[in-house]
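Shown next: my_file_10.cif, given as mmCIF, C-alpha atoms (C1' of nucleotides).
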data_query
#
loop_
_atom_site.label_atom_id
_atom_site.label_comp_id
_atom_site.auth_asym_id
_atom_site.auth_seq_id
_atom_site.Cartn_x
_atom_site.Cartn_y
_atom_site.Cartn_z
CA MET A 1 40.02 34.40 32.62
CA ALA A 2 37.27 32.97 34.62
CA HIS A 3 36.39 29.59 35.96
CA LEU A 4 34.06 26.70 35.48
CA THR A 5 33.93 25.11 38.91
CA VAL A 6 34.94 21.66 40.03
CA SER A 7 31.28 21.02 40.74
CA VAL A 8 30.58 21.19 37.02
CA GLU A 9 33.37 18.73 36.39
CA TYR A 10 32.01 16.31 38.99
CA ALA A 11 28.50 16.65 37.58
CA ILE A 12 29.49 15.91 33.99
CA HIS A 13 31.69 12.96 34.90
CA SER A 14 28.94 11.55 37.09
CA LEU A 15 26.27 11.93 34.43
CA LEU A 16 28.54 10.05 32.04
CA TRP A 17 28.19 6.88 34.12
CA LEU A 18 24.46 7.33 34.35
CA VAL A 19 24.07 7.05 30.58
CA ASP A 20 24.44 3.31 30.23
CA ALA A 21 23.40 2.36 33.74
CA GLU A 22 20.89 -0.44 33.37
CA THR A 23 21.35 -1.23 37.06
CA ALA A 24 18.53 1.12 37.84
CA PRO A 25 19.29 4.15 40.00
CA LEU A 26 22.84 4.88 41.15
CA SER A 27 23.37 6.68 44.43
CA SER A 28 25.60 9.74 44.71
CA ARG A 29 27.70 7.71 47.09
CA ASP A 30 28.26 4.95 44.52
CA LEU A 31 29.24 7.48 41.90
CA ALA A 32 31.60 9.30 44.23
CA ASP A 33 33.41 6.15 45.30
CA PHE A 34 33.57 4.92 41.75
CA GLN A 35 35.25 8.13 40.61
CA GLY A 36 37.37 8.81 43.67
CA VAL A 37 35.76 12.13 44.57
CA SER A 38 34.24 13.41 47.80
CA PRO A 39 30.89 11.67 48.50
CA SER A 40 29.57 14.42 50.76
CA TYR A 41 30.32 17.06 48.19
CA LEU A 42 28.88 15.15 45.26
CA ALA A 43 25.73 14.69 47.34
CA LYS A 44 25.27 18.48 47.33
CA ILE A 45 25.57 18.65 43.55
CA PHE A 46 22.90 16.18 42.50
CA PRO A 47 19.90 18.05 43.91
CA LYS A 48 20.80 20.90 41.55
CA LEU A 49 20.72 18.55 38.59
CA GLU A 50 17.41 17.22 39.79
CA LYS A 51 15.84 20.68 40.09
CA ALA A 52 17.03 21.42 36.57
CA GLY A 53 15.22 18.33 35.33
CA ILE A 54 18.40 16.66 34.11
CA VAL A 55 18.16 13.80 36.57
CA LYS A 56 15.39 11.93 38.36
CA ALA A 57 15.73 11.00 42.03
CA SER A 58 14.22 8.06 43.88
CA GLU A 59 14.29 7.73 47.64
CA GLY A 60 14.82 4.97 50.12
CA VAL A 61 17.31 2.11 50.08
CA ARG A 62 17.92 1.22 46.44
CA GLY A 63 17.19 4.87 45.67
CA GLY A 64 19.47 7.09 43.67
CA TYR A 65 19.55 8.94 40.39
CA GLU A 66 18.76 8.26 36.74
CA LEU A 67 18.87 10.50 33.71
CA ALA A 68 15.57 12.33 33.29
CA ARG A 69 15.84 12.29 29.49
CA ALA A 70 17.88 10.87 26.64
CA PRO A 71 21.62 11.68 26.69
CA GLU A 72 21.37 13.35 23.26
CA ASP A 73 18.98 15.87 24.88
CA ILE A 74 21.36 16.80 27.69
CA ASN A 75 24.14 19.19 26.82
CA PHE A 76 27.04 20.79 28.65
CA LEU A 77 25.38 24.20 28.81
CA GLN A 78 22.35 22.83 30.62
CA ILE A 79 24.61 21.16 33.14
CA VAL A 80 26.73 24.26 33.70
CA ASP A 81 23.65 26.42 34.19
CA ALA A 82 22.09 23.86 36.52
CA ILE A 83 25.18 23.90 38.75
CA GLU A 84 26.34 27.51 38.56
CA GLY A 85 23.00 29.21 38.14
CA ARG A 86 23.31 31.19 34.91
CA LYS A 87 25.88 33.71 36.11
CA PRO A 88 26.86 36.15 33.36
CA LEU A 89 30.43 36.28 32.10
CA PHE A 90 30.59 40.02 32.61
CA ASP A 91 28.82 42.23 35.10
CA CYS A 92 28.58 45.71 33.54
CA GLN A 93 29.04 48.51 36.06
CA GLU A 94 27.65 51.15 33.68
CA ILE A 95 30.79 53.24 33.88
CA ARG A 96 29.76 55.08 30.74
CA GLY A 97 27.13 57.01 32.69
CA ARG A 98 29.58 58.28 35.31
CA CYS A 99 31.75 60.33 32.95
CA ALA A 100 32.74 63.65 34.51
CA ALA A 101 32.24 65.40 31.18
CA PHE A 102 28.51 64.99 31.81
CA GLY A 103 27.33 67.23 34.59
CA GLU A 104 24.79 65.87 37.04
CA LEU A 105 23.15 63.10 35.11
CA PRO A 106 24.28 61.64 31.80
CA PRO A 107 22.55 62.49 28.51
CA THR A 108 20.24 59.87 27.07
CA TRP A 109 22.54 59.03 24.16
CA ALA A 110 25.18 57.88 26.65
CA THR A 111 23.06 55.30 28.44
CA ARG A 112 20.76 54.12 25.68
CA GLY A 113 21.09 50.53 24.56
CA VAL A 114 23.84 48.18 25.62
CA CYS A 115 27.26 49.54 26.62
CA SER A 116 29.74 48.98 23.77
CA VAL A 117 32.18 47.20 26.05
CA HIS A 118 29.40 45.04 27.42
CA ALA A 119 28.29 44.19 23.88
CA VAL A 120 31.64 42.60 23.10
CA MET A 121 31.52 40.55 26.29
CA LEU A 122 28.00 39.40 25.46
CA ARG A 123 29.21 38.18 22.08
CA ALA A 124 32.07 36.30 23.77
CA GLU A 125 29.69 34.76 26.27
CA LYS A 126 27.34 33.74 23.48
CA ALA A 127 30.17 32.06 21.58
CA MET A 128 31.14 30.12 24.68
CA ARG A 129 27.59 29.09 25.49
CA GLU A 130 26.92 27.96 21.95
CA THR A 131 29.94 25.70 22.07
CA LEU A 132 28.78 24.23 25.37
CA ALA A 133 25.25 23.79 24.02
CA GLY A 134 26.68 21.91 21.04
CA ALA A 135 28.19 19.16 23.16
CA SER A 136 25.73 16.54 24.38
CA LEU A 137 26.16 13.81 26.93
CA ARG A 138 25.80 11.37 24.05
CA ASP A 139 28.76 12.97 22.27
CA LEU A 140 30.77 12.52 25.44
CA THR A 141 29.98 8.84 25.84
CA GLN A 142 30.90 8.26 22.21
CA ALA A 143 34.23 10.03 22.65
CA VAL A 144 34.98 7.91 25.70
CA SER A 145 33.97 4.62 24.11
CA ARG A 146 36.22 5.37 21.15
CA LYS A 147 39.14 5.45 23.57
CA ALA A 148 38.28 2.59 25.87
CA PRO A 149 38.72 -1.10 25.00
CA PRO A 150 35.46 -3.07 24.56
CA GLU A 151 35.79 -4.92 27.88
CA PHE A 152 35.82 -1.68 29.86
CA ALA A 153 32.05 -1.25 29.67
CA ASN A 154 31.68 -4.64 31.34
CA ASP A 155 34.14 -3.76 34.08
CA VAL A 156 32.12 -0.66 34.86
CA LYS A 157 28.86 -2.56 34.94
CA ALA A 158 30.42 -5.18 37.18
CA TRP A 159 31.73 -2.66 39.70
CA LEU A 160 28.55 -0.59 39.85
CA GLY A 161 26.29 -3.63 39.73
CA GLU A 162 27.97 -5.22 42.70
CA ARG A 163 27.70 -1.95 44.57
CA VAL A 164 23.97 -1.78 43.98
CA LEU A 165 23.45 -5.41 44.98
CA ARG A 166 25.45 -4.98 48.15
CA ARG A 167 23.21 -2.18 49.36
CA ALA A 168 20.36 -4.27 50.58
CA GLY A 169 20.84 -7.77 51.82
CA LYS A 170 22.90 -10.12 49.72
CA SER A 171 26.19 -8.75 50.94
CA SER A 172 28.43 -11.69 51.62
CA SER A 173 29.27 -13.46 48.33
CA SER A 174 32.88 -12.30 48.20
CA ALA A 175 33.16 -11.08 51.73
CA ARG A 176 35.30 -7.96 51.31
CA LEU A 177 34.19 -4.57 52.62
CA SER A 178 36.26 -2.73 50.04
CA SER A 179 34.56 0.62 50.36
CA HIS A 180 37.14 2.19 52.63
CA GLY A 181 39.96 -0.26 52.55
CA GLU A 182 39.98 -0.26 56.33
CA ASP A 183 40.99 -3.38 58.20
CA LEU A 184 39.61 -4.64 61.46
CA SER A 185 42.91 -6.17 62.53
CA MET B 186 29.25 30.75 34.62
CA ALA B 187 32.35 32.60 35.34
CA HIS B 188 33.41 36.16 35.62
CA LEU B 189 35.43 38.80 33.89
CA THR B 190 36.48 41.10 36.72
CA VAL B 191 35.70 44.78 37.11
CA SER B 192 39.43 45.36 36.73
CA VAL B 193 39.04 44.38 33.10
CA GLU B 194 36.12 46.75 32.75
CA TYR B 195 38.08 49.62 34.30
CA ALA B 196 41.07 48.85 32.06
CA ILE B 197 39.10 48.85 28.82
CA HIS B 198 37.16 51.99 29.65
CA SER B 199 40.38 53.75 30.62
CA LEU B 200 42.21 52.71 27.47
CA LEU B 201 39.32 54.12 25.48
CA TRP B 202 40.15 57.64 26.66
CA LEU B 203 43.81 57.12 25.91
CA VAL B 204 43.12 56.57 22.22
CA ASP B 205 42.57 60.17 21.20
CA ALA B 206 44.53 61.81 23.99
CA GLU B 207 46.77 64.38 22.36
CA THR B 208 47.35 65.96 25.76
CA ALA B 209 50.36 63.74 26.26
CA PRO B 210 50.28 61.24 29.13
CA LEU B 211 47.20 60.90 31.33
CA SER B 212 47.65 59.83 34.94
CA SER B 213 45.67 56.97 36.45
CA ARG B 214 44.26 59.55 38.84
CA ASP B 215 42.95 61.73 36.01
CA LEU B 216 41.33 58.72 34.36
CA ALA B 217 39.78 57.53 37.59
CA ASP B 218 38.25 60.90 38.43
CA PHE B 219 37.06 61.36 34.88
CA GLN B 220 35.21 58.05 34.96
CA GLY B 221 34.06 58.12 38.56
CA VAL B 222 35.93 55.00 39.66
CA SER B 223 38.32 54.37 42.55
CA PRO B 224 41.70 56.08 41.91
CA SER B 225 43.66 53.83 44.24
CA TYR B 226 42.25 50.73 42.60
CA LEU B 227 42.79 51.94 39.05
CA ALA B 228 46.38 52.71 40.02
CA LYS B 229 46.91 48.98 40.69
CA ILE B 230 45.59 48.06 37.26
CA PHE B 231 47.79 50.14 35.01
CA PRO B 232 51.13 48.53 35.89
CA LYS B 233 49.68 45.28 34.54
CA LEU B 234 48.87 46.92 31.24
CA GLU B 235 52.35 48.37 31.16
CA LYS B 236 54.04 45.00 31.75
CA ALA B 237 51.93 43.56 28.94
CA GLY B 238 53.24 46.26 26.61
CA ILE B 239 49.80 47.75 26.00
CA VAL B 240 50.64 51.05 27.62
CA LYS B 241 53.75 53.16 28.12
CA ALA B 242 54.43 54.84 31.47
CA SER B 243 56.33 58.04 32.17
CA GLU B 244 57.34 59.12 35.66
CA GLY B 245 57.43 62.35 37.58
CA VAL B 246 54.92 65.21 37.69
CA ARG B 247 53.33 65.38 34.24
CA GLY B 248 53.90 61.65 34.03
CA GLY B 249 51.18 59.14 33.23
CA TYR B 250 50.24 56.65 30.55
CA GLU B 251 49.98 56.53 26.77
CA LEU B 252 49.07 53.69 24.43
CA ALA B 253 52.17 51.70 23.50
CA ARG B 254 50.83 50.93 20.03
CA ALA B 255 48.04 51.77 17.62
CA PRO B 256 44.48 51.11 18.88
CA GLU B 257 43.81 48.75 15.99
CA ASP B 258 46.62 46.55 17.35
CA ILE B 259 45.16 46.33 20.86
CA ASN B 260 42.31 43.90 21.35
CA PHE B 261 40.08 42.84 24.21
CA LEU B 262 41.81 39.50 24.63
CA GLN B 263 45.20 41.12 25.18
CA ILE B 264 43.68 43.37 27.81
CA VAL B 265 41.89 40.53 29.60
CA ASP B 266 45.04 38.42 29.66
CA ALA B 267 47.12 41.37 30.86
CA ILE B 268 44.78 41.92 33.80
CA GLU B 269 43.73 38.40 34.75
CA GLY B 270 46.87 36.56 33.81
CA ARG B 271 45.74 33.92 31.32
CA LYS B 272 43.71 31.83 33.74
CA PRO B 273 42.06 28.88 31.99
CA LEU B 274 38.28 28.63 31.86
CA PHE B 275 38.39 25.10 33.20
CA ASP B 276 40.84 23.45 35.53
CA CYS B 277 40.76 19.70 34.77
CA GLN B 278 41.13 17.52 37.87
CA GLU B 279 41.88 14.40 35.82
CA ILE B 280 39.02 12.49 37.33
CA ARG B 281 39.18 9.98 34.50
CA GLY B 282 42.34 8.45 36.01
CA ARG B 283 40.76 7.84 39.42
CA CYS B 284 38.11 5.40 38.26
CA ALA B 285 37.69 2.52 40.69
CA ALA B 286 37.31 0.07 37.80
CA PHE B 287 41.04 0.50 37.27
CA GLY B 288 43.03 -1.12 40.04
CA GLU B 289 46.10 0.67 41.33
CA LEU B 290 47.04 2.91 38.48
CA PRO B 291 44.99 3.65 35.38
CA PRO B 292 45.76 2.08 32.00
CA THR B 293 47.49 4.26 29.44
CA TRP B 294 44.44 4.52 27.18
CA ALA B 295 42.56 6.25 29.99
CA THR B 296 45.01 9.10 30.52
CA ARG B 297 46.39 9.58 27.05
CA GLY B 298 45.63 12.87 25.31
CA VAL B 299 43.18 15.43 26.57
CA CYS B 300 40.25 14.42 28.76
CA SER B 301 37.06 14.40 26.67
CA VAL B 302 35.29 16.71 29.09
CA HIS B 303 38.26 19.03 29.13
CA ALA B 304 38.31 19.07 25.33
CA VAL B 305 34.80 20.53 25.18
CA MET B 306 35.75 23.23 27.68
CA LEU B 307 38.85 24.06 25.66
CA ARG B 308 36.70 24.54 22.58
CA ALA B 309 34.36 26.82 24.53
CA GLU B 310 37.29 28.81 25.85
CA LYS B 311 38.73 29.10 22.37
CA ALA B 312 35.43 30.41 21.01
CA MET B 313 35.30 33.02 23.73
CA ARG B 314 38.91 34.08 23.26
CA GLU B 315 38.51 34.37 19.51
CA THR B 316 35.59 36.70 19.97
CA LEU B 317 37.59 38.83 22.39
CA ALA B 318 40.58 38.84 20.05
CA GLY B 319 38.32 40.06 17.26
CA ALA B 320 37.39 43.27 19.06
CA SER B 321 40.03 46.02 18.93
CA LEU B 322 40.25 49.25 20.84
CA ARG B 323 39.72 51.00 17.50
CA ASP B 324 36.43 49.14 17.02
CA LEU B 325 35.38 50.34 20.46
CA THR B 326 36.15 54.01 19.81
CA GLN B 327 34.23 53.81 16.55
CA ALA B 328 31.22 52.30 18.29
CA VAL B 329 31.30 55.05 20.89
CA SER B 330 31.72 57.90 18.40
CA ARG B 331 28.75 56.60 16.42
CA LYS B 332 26.64 57.15 19.52
CA ALA B 333 28.05 60.42 20.81
CA PRO B 334 27.29 63.84 19.32
CA PRO B 335 30.24 65.57 17.59
CA GLU B 336 30.81 68.10 20.38
CA PHE B 337 31.41 65.36 22.95
CA ALA B 338 35.00 64.77 21.83
CA ASN B 339 35.75 68.42 22.56
CA ASP B 340 34.16 68.24 26.00
CA VAL B 341 36.39 65.31 26.83
CA LYS B 342 39.52 67.05 25.60
CA ALA B 343 38.59 70.16 27.56
CA TRP B 344 38.09 68.27 30.82
CA LEU B 345 41.21 66.15 30.52
CA GLY B 346 43.30 69.01 29.13
CA GLU B 347 42.48 71.27 32.06
CA ARG B 348 43.34 68.46 34.43
CA VAL B 349 46.77 68.00 32.88
CA LEU B 350 47.48 71.74 32.90
CA ARG B 351 46.46 72.08 36.52
CA ARG B 352 49.00 69.49 37.63
CA ALA B 353 52.09 71.64 37.53
CA GLY B 354 51.96 75.39 38.05
CA LYS B 355 49.32 77.27 36.12
CA SER B 356 46.50 76.34 38.46
CA SER B 357 44.48 79.47 39.09
CA SER B 358 42.72 80.56 35.90
CA SER B 359 39.20 79.53 36.98
CA ALA B 360 39.95 78.99 40.61
CA ARG B 361 37.82 75.94 41.43
CA LEU B 362 39.30 72.81 42.98
CA SER B 363 36.62 70.57 41.51
CA SER B 364 38.37 67.29 42.09
CA HIS B 365 36.57 66.38 45.28
CA GLY B 366 33.83 68.93 45.50
CA GLU B 367 35.03 69.85 48.97
CA ASP B 368 34.65 73.38 50.21
CA LEU B 369 36.98 75.29 52.48
CA SER B 370 34.16 77.28 54.10
"C1'" DC C 371 9.06 -3.46 63.27
"C1'" DA C 372 13.93 -2.30 63.37
"C1'" DT C 373 17.72 -1.37 60.52
"C1'" DA C 374 20.24 0.45 56.87
"C1'" DA C 375 20.75 3.16 53.01
"C1'" DC C 376 18.99 6.62 50.43
"C1'" DA C 377 17.69 12.01 49.02
"C1'" DC C 378 17.54 16.46 50.91
"C1'" DG C 379 18.39 20.68 53.43
"C1'" DG C 380 20.84 23.55 56.85
"C1'" DA C 381 25.08 24.89 59.48
"C1'" DT C 382 29.77 25.39 59.59
"C1'" DA C 383 34.73 25.84 58.32
"C1'" DA C 384 38.94 26.50 55.44
"C1'" DT C 385 40.74 28.61 51.67
"C1'" DA C 386 40.84 31.74 47.85
"C1'" DT C 387 39.76 35.63 45.16
"C1'" DC C 388 38.12 40.31 44.46
"C1'" DA C 389 37.69 45.14 45.14
"C1'" DC C 390 39.76 48.37 47.47
"C1'" DT C 391 42.84 51.19 50.73
"C1'" DC C 392 47.16 52.81 52.59
"C1'" DC C 393 51.95 53.41 52.86
"C1'" DG C 394 56.69 54.15 51.43
"C1'" DC C 395 60.03 54.35 47.65
"C1'" DG C 396 62.37 56.62 43.81
"C1'" DT C 397 61.58 59.89 39.85
"C1'" DT C 398 60.54 64.21 37.63
"C1'" DT C 399 59.00 69.06 37.18
"C1'" DG C 400 58.34 74.07 38.77
"C1'" DC D 401 62.41 71.50 48.18
"C1'" DA D 402 57.48 70.43 47.37
"C1'" DA D 403 54.11 68.28 44.69
"C1'" DA D 404 52.58 64.82 41.71
"C1'" DC D 405 53.67 60.91 39.42
"C1'" DG D 406 54.51 55.39 38.75
"C1'" DC D 407 55.44 51.32 41.42
"C1'" DG D 408 55.34 47.62 44.81
"C1'" DG D 409 53.89 45.48 49.17
"C1'" DA D 410 50.81 44.81 52.96
"C1'" DG D 411 46.39 44.56 54.68
"C1'" DT D 412 40.94 44.44 54.93
"C1'" DG D 413 36.15 43.11 54.21
"C1'" DA D 414 32.99 40.62 51.39
"C1'" DT D 415 31.86 36.81 48.79
"C1'" DA D 416 32.47 32.17 46.53
"C1'" DT D 417 34.26 27.60 46.42
"C1'" DT D 418 35.05 23.10 48.31
"C1'" DA D 419 34.28 20.64 51.37
"C1'" DT D 420 32.23 18.29 56.09
"C1'" DC D 421 28.65 16.92 59.43
"C1'" DC D 422 24.10 16.44 61.17
"C1'" DG D 423 19.07 15.95 61.22
"C1'" DT D 424 14.68 14.77 58.77
"C1'" DG D 425 11.82 11.93 56.02
"C1'" DT D 426 11.44 7.88 52.78
"C1'" DT D 427 11.82 3.06 51.38
"C1'" DA D 428 13.35 -1.81 50.83
"C1'" DT D 429 15.06 -5.92 53.50
"C1'" DG D 430 15.36 -9.29 57.36
#

Go through the file and emit its structure as structure tokens.
Amino acid sequence: MAHLTVSVEYAIHSLLWLVDAETAPLSSRDLADFQGVSPSYLAKIFPKLEKAGIVKASEGVRGGYELARAPEDINFLQIVDAIEGRKPLFDCQEIRGRCAAFGELPPTWATRGVCSVHAVMLRAEKAMRETLAGASLRDLTQAVSRKAPPEFANDVKAWLGERVLRRAGKSSSSARLSSHGEDLS
Amino acid sequence: MAHLTVSVEYAIHSLLWLVDAETAPLSSRDLADFQGVSPSYLAKIFPKLEKAGIVKASEGVRGGYELARAPEDINFLQIVDAIEGRKPLFDCQEIRGRCAAFGELPPTWATRGVCSVHAVMLRAEKAMRETLAGASLRDLTQAVSRKAPPEFANDVKAWLGERVLRRAGKSSSSARLSSHGEDLS
DNA sequence: CATAACACGGATAATATCACTCCGCGTTTG
DNA sequence: CAAACGCGGAGTGATATTATCCGTGTTATG
């Protein structure tokens, strides 16, 4: 049919963890490692969310991303458009005007208004976009927390919190590198 | 967002002319020339419509295509699926199971049922497909005939009818080649 | 002040898909 | 038999997707 890209999937899943992140900004690297996706690729996705005003960036060590507004004001359609750039579902080639039954150039009745085929596709696109616009980031977090046991939220905060702490300075407490699983032996 | 291909556009526009074609089967070549699209490309599209049971093929000179059933029983969704092969809108990577907060393998609650992100995309896809399923080829012909003047239907029949006649034998009557506009001079 | 980690942008590469062409096969009609 | 058809496979150029790597500038920590 068509395709919503993996980038959209990465973006939505990443934003999910940003919702309840009290541990100030989370870096794209933290989010990538936490979710098991490519850090270098996720790093290319976040600037698009920032330009769309979905996310706020802060630079320097301890920098990273936060939601730019409340999760109930961020919906799937905004995210999709931020990542994929508002590409239409259907790209009308205006075939109607090339009919050989018209001589040189088509009569005005043939090219006036929207092509009837195109009109159907526009309705389909609208239906899809309305569904996406009706799903907020808040809805998503609620769906997830209905599935997860209560202690899961703490596990997440623990993992991400340690990651943020480790960034600058106080590294050693439990002296594992962990990030790549590589051994020095 | 995504993309319905031009193949779908060519298919729908071609089927439109098949609806009122009394001049038995129309070849993909006739339809391509009539609409000003690539004949060799349109020829790759029709076998897909035939395998989907939308169109009936007949071989040999004077062969070509006819609708396999009434235009009210052919809808946009069937055509799209025939051409593009029922590709899903969203291809879930199951990111939820790769969360680093789970150790080795994710707990059952995390991977049971449909991913919450995926569920939204499935609803969006369903909304789009339902819109496409709600538009029949008959609806399309009615929309077009509301726009076109009454004599247009005759012009179409004249052009296509002459094309079919010219195929075998009785070529000469008004001795123009017309199909490519090439001159022998 | 040096280091490390961050955001950001540009360059590149591998793979896939799309739009399209060309060819050869078997079938049917004049 | 020739011409036109449907059909299938092979191949081409353009573009998009999913990455990777590197360089620049910024900021907190030791």

Check which residues satisfy the PyMOL selection byres ((chain C) within 8 of (chain A)) in the file shown, then give them as number ranges by chain. C: 374-378

Enumerate, in order of chain and increasing residue number, the residues of chain D with an atom no farther than 10 Å from chain B, each with its shortest atom pair and distance in Å to one decimal, counting all atoms listed in the file, as a Markdown table.
| residue | atom | partner | partner_atom | distance |
| --- | --- | --- | --- | --- |
| D:DA403 | C1' | B:Val246 | CA | 7.7 |
| D:DA404 | C1' | B:Val246 | CA | 4.7 |
| D:DC405 | C1' | B:Gly245 | CA | 4.4 |
| D:DG406 | C1' | B:Glu244 | CA | 5.6 |
| D:DC407 | C1' | B:Pro232 | CA | 7.5 |
| D:DG408 | C1' | B:Lys229 | CA | 9.5 |

Result set, the PyMOL selection byres ((chain B) within 7 of (chain A)) on current file, as an MDAnalysis selection string: chainID B and resid 186:189 219:221 269 271:275 280 283:286 294:295 301 308:310 312:313 316:317 325 328:329 332:333 340:341 344

Take C1' of DA410 in chain D and CA of Pro224 in chain B and report the distance between them in Å, one decimal.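 Going from C1' of DA410 in chain D over to CA of Pro224 in chain B covers 18.2 Å.
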
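Separating C1' of DA416 in chain D from CA of Leu49 in chain A is a distance of 19.7 Å.
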
Report the distance between CA of Ala82 in chain A and CA of Val114 in chain A in Å, rounded to one decimal place. 26.7 Å

Run through the PyMOL selection byres ((chain C and resi 390-396) around 6) on the given coordinates and return the selected residues as a PDB file with C-alpha atoms (C1' of nucleotides), in the frame of the given file.
ATOM      1  CA  TYR B 226      42.250  50.730  42.600  1.00  0.00           C
TER       2      TYR B 226
ATOM      3  C1'  DA C 389      37.690  45.140  45.140  1.00  0.00           C
ATOM      4  C1'  DT C 397      61.580  59.890  39.850  1.00  0.00           C
TER       5       DT C 397
END

Write out as lines of an AutoDock Vina configuration file an axis-aligned box for range 418-429 of chain D: all of its atoms listed in the file, 3 Å added on each side, centre and edge lengths in Å with one decimal.
center_x = 23.2
center_y = 8.6
center_z = 54.8
size_x = 29.6
size_y = 35.0
size_z = 18.9

Contacts of DT382 in chain C within 12 Å, all atoms listed in the file, excl. fewer than 6 positions in-chain, as a list in words: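 Surrounding residues, per the criterion: DA419, DT420, DC421 and DC422 of chain D.
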
Any chance you can output those residues with C-alpha atoms (C1' of nucleotides) as a CSV table (one decimal), in the frame of the given file?
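Once everything was written out, this is selection_20.csv:
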chain,number,residue,atom,x,y,z
D,419,DA,C1',34.3,20.6,51.4
D,420,DT,C1',32.2,18.3,56.1
D,421,DC,C1',28.6,16.9,59.4
D,422,DC,C1',24.1,16.4,61.2

File output for range 411-422 of chain D (N, CA, C and O atoms (P, O5', C5', C4', C3', O3' and C1' of nucleotides)) as a compact mmCIF listing (two decimals), in the first residue's frame:
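Resulting contents of out25.txt:
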# COMPACT_ATOMS: atom_id res chain seq x y z
P DG D 411 19.75 -9.76 -16.68
O5' DG D 411 19.58 -8.22 -17.01
C5' DG D 411 19.45 -7.79 -18.37
C4' DG D 411 19.12 -6.31 -18.40
C3' DG D 411 19.92 -5.47 -17.38
O3' DG D 411 20.39 -4.30 -18.03
C1' DG D 411 17.63 -5.04 -17.16
P DT D 412 21.57 -3.38 -17.34
O5' DT D 412 21.20 -1.88 -17.76
C5' DT D 412 20.05 -1.62 -18.57
C4' DT D 412 19.51 -0.24 -18.23
C3' DT D 412 20.37 0.56 -17.25
O3' DT D 412 20.37 1.93 -17.63
C1' DT D 412 18.20 0.33 -16.38
P DG D 413 21.61 2.89 -17.22
O5' DG D 413 20.90 4.18 -16.64
C5' DG D 413 19.80 4.76 -17.36
C4' DG D 413 18.90 5.51 -16.39
C3' DG D 413 19.66 6.35 -15.37
O3' DG D 413 19.08 7.66 -15.36
C1' DG D 413 18.17 4.88 -14.26
P DA D 414 19.72 8.78 -14.38
O5' DA D 414 18.57 8.94 -13.29
C5' DA D 414 17.21 9.04 -13.72
C4' DA D 414 16.29 9.04 -12.52
C3' DA D 414 16.79 9.91 -11.35
O3' DA D 414 15.71 10.68 -10.86
C1' DA D 414 16.40 7.66 -10.62
P DT D 415 16.08 11.88 -9.81
O5' DT D 415 15.41 11.38 -8.45
C5' DT D 415 14.15 10.74 -8.47
C4' DT D 415 13.97 9.86 -7.26
C3' DT D 415 14.40 10.52 -5.93
O3' DT D 415 13.24 10.63 -5.11
C1' DT D 415 15.13 8.25 -6.09
P DA D 416 13.37 11.29 -3.63
O5' DA D 416 13.27 10.01 -2.68
C5' DA D 416 12.29 9.02 -2.95
C4' DA D 416 12.33 7.96 -1.88
C3' DA D 416 12.58 8.47 -0.46
O3' DA D 416 11.80 7.68 0.43
C1' DA D 416 14.33 7.00 -1.10
P DT D 417 11.74 8.06 2.01
O5' DT D 417 12.47 6.83 2.70
C5' DT D 417 12.18 5.52 2.26
C4' DT D 417 13.18 4.55 2.83
C3' DT D 417 13.53 4.80 4.31
O3' DT D 417 13.36 3.59 5.00
C1' DT D 417 15.50 4.55 2.99
P DT D 418 13.39 3.60 6.62
O5' DT D 418 14.85 3.11 6.99
C5' DT D 418 15.29 1.84 6.57
C4' DT D 418 16.79 1.69 6.79
C3' DT D 418 17.29 2.09 8.19
O3' DT D 418 18.14 1.06 8.68
C1' DT D 418 18.60 3.09 6.55
P DA D 419 18.43 0.99 10.27
O5' DA D 419 19.22 2.34 10.53
C5' DA D 419 20.54 2.28 11.00
C4' DA D 419 21.55 2.22 9.85
C3' DA D 419 22.90 2.77 10.25
O3' DA D 419 23.63 1.71 10.85
C1' DA D 419 22.29 3.46 8.04
P DT D 420 24.51 2.06 12.13
O5' DT D 420 25.84 2.66 11.48
C5' DT D 420 26.47 1.97 10.42
C4' DT D 420 27.51 2.89 9.78
C3' DT D 420 28.38 3.60 10.81
O3' DT D 420 29.72 3.12 10.73
C1' DT D 420 27.61 5.10 9.10
P DC D 421 30.76 3.56 11.92
O5' DC D 421 31.45 4.88 11.32
C5' DC D 421 31.83 4.91 9.94
C4' DC D 421 32.33 6.29 9.56
C3' DC D 421 33.13 7.01 10.67
O3' DC D 421 34.32 7.55 10.13
C1' DC D 421 31.39 8.40 9.87
P DC D 422 35.51 8.05 11.13
O5' DC D 422 35.54 9.61 10.84
C5' DC D 422 35.50 10.07 9.49
C4' DC D 422 35.10 11.53 9.45
C3' DC D 422 35.79 12.38 10.54
O3' DC D 422 36.53 13.43 9.93
C1' DC D 422 33.44 12.82 10.41
